[in-house]
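Q: Just passing along the structure, written as structure tokens.
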Amino acid sequence: MAENTKMLLDREQFLRRRAEVAAPFEDVPVPEFGPGCVQRVLGLSMTDRTRWEMKVYTGRSGDRKVNGRIMRETLLVATLVDETNAPMFTEADGPMLGELPATVGERLFDAARRVSGMTEQDVEALGNA
């Protein structure tokens, strides 16, 4: 198929190709933990991203606010994985992750945002909600 040719997918093609798409990840250097140390950050699915957004919002629809206190920690809980892409942490670990040095936490948070398809504007909008 030529590079500029478009192929409109039907349902079966969509479902087959969807199953072949792996979640994006990024191995983030964490030199603060030792030479050569990296942490894998796995992108969220749409369902997982919605679940995360529901956790960080507080209040009812007309008066919703973002709980910025837990925004970063809960995203790290949801995206930090081991070499098999299995989650490393649970919600109970959020406060511990919040104690990371800000340089480490922000580096991991930025990677989690990128591989989960969140723009800086998305995060700012959460903070302004």
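Residue names in the structure tokens use chain letters A, B, ... in the order shown, residue numbers from 1 in each chain, and ligand numbers from 1 in the order shown.
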Applying 9 Å and only C-alpha atoms, which residues near A:Phe89 remain after dropping the ones on its own chain fewer than 5 positions away? List them as a PyMOL selection string.
A: chain A and resi 76-81+94
Q: Find the spatial neighbours of stretch 14-24 of chain A, counting only C-alpha atoms, within a cut-off of 8 Å - ignore same-chain residues fewer than 3 positions away - and output them as a list in words.
A: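 What passes the distance filter is Leu9, Asp10, Arg11, Leu42, Gly43, Leu44, Ser45, Val115 and Ser116 of chain A.
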Q: Using DSSP secondary structure from the backbone, list all strand (DSSP E) positions within stretch 3-107 of chain A, as a list in words.
A: Phe25, Glu26, Asp27, Val28, Pro29, Val38, Gln39, Arg40, Val41, Leu42, Tyr57, Thr58, Lys65, Val66, Leu80 and Val81 of chain A
Q: Between A:Val41, A:Met46, A:Val28, A:Met7, single out the one closest to A:Gly117, counting only C-alpha atoms.
A: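 Among the listed residues, the smallest separation from A:Gly117 belongs to A:Met46.
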Q: Any idea what's packed within 10 Å of A:Thr74, counting only C-alpha atoms, ignoring anything in its chain fewer than 5 positions away? Could you give it as a PDB file with all heavy atoms, in the first residue's frame?
A:
ATOM      1  N   TRP A  52      -8.402   7.182  36.790  1.00  0.00           N
ATOM      2  CA  TRP A  52      -7.481   8.086  37.469  1.00  0.00           C
ATOM      3  C   TRP A  52      -8.096   9.479  37.623  1.00  0.00           C
ATOM      4  O   TRP A  52      -8.041  10.074  38.702  1.00  0.00           O
ATOM      5  CB  TRP A  52      -6.155   8.164  36.696  1.00  0.00           C
ATOM      6  CG  TRP A  52      -5.241   9.216  37.233  1.00  0.00           C
ATOM      7  CD1 TRP A  52      -4.486   9.145  38.376  1.00  0.00           C
ATOM      8  CD2 TRP A  52      -5.007  10.515  36.686  1.00  0.00           C
ATOM      9  NE1 TRP A  52      -3.798  10.322  38.566  1.00  0.00           N
ATOM     10  CE2 TRP A  52      -4.098  11.170  37.536  1.00  0.00           C
ATOM     11  CE3 TRP A  52      -5.470  11.177  35.550  1.00  0.00           C
ATOM     12  CZ2 TRP A  52      -3.652  12.464  37.279  1.00  0.00           C
ATOM     13  CZ3 TRP A  52      -5.026  12.460  35.296  1.00  0.00           C
ATOM     14  CH2 TRP A  52      -4.124  13.096  36.164  1.00  0.00           C
ATOM     15  N   GLU A  53      -8.702   9.991  36.557  1.00  0.00           N
ATOM     16  CA  GLU A  53      -9.327  11.312  36.627  1.00  0.00           C
ATOM     17  C   GLU A  53     -10.430  11.340  37.678  1.00  0.00           C
ATOM     18  O   GLU A  53     -10.583  12.328  38.399  1.00  0.00           O
ATOM     19  CB  GLU A  53      -9.861  11.723  35.258  1.00  0.00           C
ATOM     20  CG  GLU A  53      -8.753  12.052  34.272  1.00  0.00           C
ATOM     21  CD  GLU A  53      -9.240  12.284  32.860  1.00  0.00           C
ATOM     22  OE1 GLU A  53     -10.383  11.899  32.524  1.00  0.00           O
ATOM     23  OE2 GLU A  53      -8.467  12.855  32.070  1.00  0.00           O
ATOM     24  N   LYS A  55     -10.515   9.686  40.401  1.00  0.00           N
ATOM     25  CA  LYS A  55      -9.890   9.706  41.730  1.00  0.00           C
ATOM     26  C   LYS A  55      -9.426  11.102  42.118  1.00  0.00           C
ATOM     27  O   LYS A  55      -9.484  11.467  43.291  1.00  0.00           O
ATOM     28  CB  LYS A  55      -8.687   8.752  41.778  1.00  0.00           C
ATOM     29  CG  LYS A  55      -9.069   7.314  41.817  1.00  0.00           C
ATOM     30  CD  LYS A  55      -7.835   6.436  41.824  1.00  0.00           C
ATOM     31  CE  LYS A  55      -8.229   4.991  41.678  1.00  0.00           C
ATOM     32  NZ  LYS A  55      -7.082   4.113  41.504  1.00  0.00           N
ATOM     33  N   VAL A  56      -8.929  11.866  41.145  1.00  0.00           N
ATOM     34  CA  VAL A  56      -8.356  13.160  41.497  1.00  0.00           C
ATOM     35  C   VAL A  56      -9.384  14.283  41.552  1.00  0.00           C
ATOM     36  O   VAL A  56      -9.114  15.329  42.125  1.00  0.00           O
ATOM     37  CB  VAL A  56      -7.166  13.553  40.585  1.00  0.00           C
ATOM     38  CG1 VAL A  56      -6.047  12.550  40.715  1.00  0.00           C
ATOM     39  CG2 VAL A  56      -7.575  13.734  39.160  1.00  0.00           C
ATOM     40  N   ARG A  69      -3.268  17.496  45.700  1.00  0.00           N
ATOM     41  CA  ARG A  69      -2.412  16.831  46.680  1.00  0.00           C
ATOM     42  C   ARG A  69      -2.099  15.396  46.286  1.00  0.00           C
ATOM     43  O   ARG A  69      -1.045  14.874  46.589  1.00  0.00           O
ATOM     44  CB  ARG A  69      -3.091  16.875  48.057  1.00  0.00           C
ATOM     45  CG  ARG A  69      -2.233  16.384  49.196  1.00  0.00           C
ATOM     46  CD  ARG A  69      -2.964  16.484  50.519  1.00  0.00           C
ATOM     47  NE  ARG A  69      -4.193  15.710  50.554  1.00  0.00           N
ATOM     48  CZ  ARG A  69      -4.249  14.389  50.732  1.00  0.00           C
ATOM     49  NH1 ARG A  69      -3.155  13.696  50.880  1.00  0.00           N
ATOM     50  NH2 ARG A  69      -5.405  13.767  50.768  1.00  0.00           N
ATOM     51  N   THR A  79       0.937   3.993  36.929  1.00  0.00           N
ATOM     52  CA  THR A  79       1.784   3.818  35.745  1.00  0.00           C
ATOM     53  C   THR A  79       3.155   3.196  35.984  1.00  0.00           C
ATOM     54  O   THR A  79       3.795   2.776  35.026  1.00  0.00           O
ATOM     55  CB  THR A  79       1.988   5.169  35.020  1.00  0.00           C
ATOM     56  OG1 THR A  79       2.611   6.093  35.929  1.00  0.00           O
ATOM     57  CG2 THR A  79       0.681   5.728  34.499  1.00  0.00           C
ATOM     58  N   PHE A  89       2.921  -0.790  42.575  1.00  0.00           N
ATOM     59  CA  PHE A  89       2.408  -0.149  43.770  1.00  0.00           C
ATOM     60  C   PHE A  89       0.884  -0.209  43.813  1.00  0.00           C
ATOM     61  O   PHE A  89       0.233  -0.424  42.799  1.00  0.00           O
ATOM     62  CB  PHE A  89       2.873   1.311  43.831  1.00  0.00           C
ATOM     63  CG  PHE A  89       4.365   1.454  43.832  1.00  0.00           C
ATOM     64  CD1 PHE A  89       5.042   1.887  42.706  1.00  0.00           C
ATOM     65  CD2 PHE A  89       5.104   1.129  44.959  1.00  0.00           C
ATOM     66  CE1 PHE A  89       6.423   2.000  42.693  1.00  0.00           C
ATOM     67  CE2 PHE A  89       6.492   1.236  44.963  1.00  0.00           C
ATOM     68  CZ  PHE A  89       7.150   1.675  43.829  1.00  0.00           C
ATOM     69  N   THR A  90       0.351   0.006  45.014  1.00  0.00           N
ATOM     70  CA  THR A  90      -1.090   0.096  45.220  1.00  0.00           C
ATOM     71  C   THR A  90      -1.407   1.498  45.718  1.00  0.00           C
ATOM     72  O   THR A  90      -0.498   2.274  46.051  1.00  0.00           O
ATOM     73  CB  THR A  90      -1.574  -0.935  46.264  1.00  0.00           C
ATOM     74  OG1 THR A  90      -1.040  -0.569  47.550  1.00  0.00           O
ATOM     75  CG2 THR A  90      -1.147  -2.354  45.890  1.00  0.00           C
ATOM     76  N   GLU A  91      -2.697   1.800  45.818  1.00  0.00           N
ATOM     77  CA  GLU A  91      -3.110   3.116  46.312  1.00  0.00           C
ATOM     78  C   GLU A  91      -2.516   3.418  47.677  1.00  0.00           C
ATOM     79  O   GLU A  91      -2.215   4.565  47.987  1.00  0.00           O
ATOM     80  CB  GLU A  91      -4.629   3.211  46.367  1.00  0.00           C
ATOM     81  CG  GLU A  91      -5.269   3.360  45.013  1.00  0.00           C
ATOM     82  CD  GLU A  91      -6.766   3.595  45.108  1.00  0.00           C
ATOM     83  OE1 GLU A  91      -7.194   4.392  45.973  1.00  0.00           O
ATOM     84  OE2 GLU A  91      -7.495   2.969  44.321  1.00  0.00           O
ATOM     85  N   ALA A  92      -2.335   2.390  48.489  1.00  0.00           N
ATOM     86  CA  ALA A  92      -1.772   2.581  49.825  1.00  0.00           C
ATOM     87  C   ALA A  92      -0.338   3.115  49.762  1.00  0.00           C
ATOM     88  O   ALA A  92       0.147   3.697  50.737  1.00  0.00           O
ATOM     89  CB  ALA A  92      -1.822   1.271  50.611  1.00  0.00           C
ATOM     90  N   ASP A  93       0.339   2.919  48.638  1.00  0.00           N
ATOM     91  CA  ASP A  93       1.710   3.393  48.473  1.00  0.00           C
ATOM     92  C   ASP A  93       1.792   4.852  48.029  1.00  0.00           C
ATOM     93  O   ASP A  93       2.884   5.420  47.979  1.00  0.00           O
ATOM     94  CB  ASP A  93       2.447   2.528  47.435  1.00  0.00           C
ATOM     95  CG  ASP A  93       2.617   1.099  47.898  1.00  0.00           C
ATOM     96  OD1 ASP A  93       3.024   0.895  49.059  1.00  0.00           O
ATOM     97  OD2 ASP A  93       2.337   0.184  47.094  1.00  0.00           O
ATOM     98  N   GLY A  94       0.654   5.467  47.717  1.00  0.00           N
ATOM     99  CA  GLY A  94       0.649   6.845  47.235  1.00  0.00           C
ATOM    100  C   GLY A  94       1.388   7.814  48.135  1.00  0.00           C
ATOM    101  O   GLY A  94       2.239   8.581  47.653  1.00  0.00           O
ATOM    102  N   PRO A  95       1.108   7.821  49.447  1.00  0.00           N
ATOM    103  CA  PRO A  95       1.833   8.760  50.318  1.00  0.00           C
ATOM    104  C   PRO A  95       3.349   8.551  50.296  1.00  0.00           C
ATOM    105  O   PRO A  95       4.109   9.518  50.334  1.00  0.00           O
ATOM    106  CB  PRO A  95       1.248   8.463  51.707  1.00  0.00           C
ATOM    107  CG  PRO A  95      -0.128   7.947  51.416  1.00  0.00           C
ATOM    108  CD  PRO A  95       0.021   7.142  50.150  1.00  0.00           C
ATOM    109  N   LEU A  97       5.092   7.460  47.722  1.00  0.00           N
ATOM    110  CA  LEU A  97       5.560   8.034  46.466  1.00  0.00           C
ATOM    111  C   LEU A  97       5.592   9.554  46.539  1.00  0.00           C
ATOM    112  O   LEU A  97       6.433  10.197  45.916  1.00  0.00           O
ATOM    113  CB  LEU A  97       4.698   7.558  45.300  1.00  0.00           C
ATOM    114  CG  LEU A  97       4.842   6.075  44.963  1.00  0.00           C
ATOM    115  CD1 LEU A  97       3.777   5.649  43.955  1.00  0.00           C
ATOM    116  CD2 LEU A  97       6.232   5.760  44.454  1.00  0.00           C
ATOM    117  N   GLY A  98       4.679  10.121  47.316  1.00  0.00           N
ATOM    118  CA  GLY A  98       4.662  11.566  47.499  1.00  0.00           C
ATOM    119  C   GLY A  98       5.879  12.093  48.233  1.00  0.00           C
ATOM    120  O   GLY A  98       6.174  13.285  48.179  1.00  0.00           O
ATOM    121  N   PHE A 109       6.450  11.663  36.711  1.00  0.00           N
ATOM    122  CA  PHE A 109       5.115  12.186  36.398  1.00  0.00           C
ATOM    123  C   PHE A 109       5.058  12.671  34.954  1.00  0.00           C
ATOM    124  O   PHE A 109       4.091  12.386  34.235  1.00  0.00           O
ATOM    125  CB  PHE A 109       4.748  13.312  37.365  1.00  0.00           C
ATOM    126  CG  PHE A 109       3.428  13.962  37.064  1.00  0.00           C
ATOM    127  CD1 PHE A 109       2.235  13.351  37.426  1.00  0.00           C
ATOM    128  CD2 PHE A 109       3.366  15.187  36.418  1.00  0.00           C
ATOM    129  CE1 PHE A 109       1.010  13.946  37.148  1.00  0.00           C
ATOM    130  CE2 PHE A 109       2.152  15.789  36.134  1.00  0.00           C
ATOM    131  CZ  PHE A 109       0.971  15.164  36.501  1.00  0.00           C
TER     132      PHE A 109
END
Q: Env of A:Tyr57: 6 Å cut, atoms = only C-alpha atoms, seq-sep filter 4 positions within chain, self excluded. Answer as a short mmCIF file (atom, residue, chain, number, x, y, z; two decimals) with all heavy atoms, in the first residue's frame.
A:
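Printed below is out.cif as written:
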data_model
loop_
_atom_site.label_atom_id
_atom_site.label_comp_id
_atom_site.auth_asym_id
_atom_site.auth_seq_id
_atom_site.Cartn_x
_atom_site.Cartn_y
_atom_site.Cartn_z
N LYS A 65 -13.55 20.02 41.73
CA LYS A 65 -12.20 20.52 41.91
C LYS A 65 -11.25 19.34 41.84
O LYS A 65 -11.63 18.21 42.04
CB LYS A 65 -12.08 21.21 43.27
CG LYS A 65 -12.89 22.48 43.38
CD LYS A 65 -12.65 23.14 44.71
CE LYS A 65 -13.34 24.47 44.87
NZ LYS A 65 -14.61 24.65 44.31
N VAL A 66 -10.00 19.66 41.55
CA VAL A 66 -8.99 18.62 41.49
C VAL A 66 -8.25 18.57 42.82
O VAL A 66 -7.87 19.61 43.36
CB VAL A 66 -7.99 18.88 40.35
CG1 VAL A 66 -6.80 17.95 40.43
CG2 VAL A 66 -8.69 18.74 39.02
N ASN A 67 -8.08 17.37 43.33
CA ASN A 67 -7.29 17.19 44.53
C ASN A 67 -5.83 17.13 44.11
O ASN A 67 -5.29 16.05 43.87
CB ASN A 67 -7.72 15.91 45.26
CG ASN A 67 -7.02 15.75 46.58
OD1 ASN A 67 -6.02 16.41 46.85
ND2 ASN A 67 -7.54 14.87 47.42
#
Q: If DSSP is run on the backbone, what residues of chain A are helix (DSSP H, G or I)? A reply as a PyMOL selection string would be ideal.
A: chain A and resi 11-20+31-33+46-56+61-63+68-79+91-98+102-115+120-128
Q: To one decimal place in Å, what is the distance between atom CA of A:Ala111 and atom CA of A:Glu26?
A: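 It comes out at 6.8 Å.
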Q: At what distance in Å, to one decimal, does atom CA of A:Met54 lie from atom CA of A:Met88?
A: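 Value for the atom CA of A:Met88-atom CA of A:Met54 distance: 21.0 Å.
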Q: Would you list the contacts of A:Pro29 as a list in words, taking every protein, DNA or RNA residue within 10 Å and counting only C-alpha atoms, but skipping same-chain residues closer than 5 positions in sequence?
A: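 Residues near the query, excluding close chain neighbours: Gly34, Pro35, Gly36, Cys37, Val38, Gln39, Arg40, Val104, Arg107 and Leu108 of chain A.
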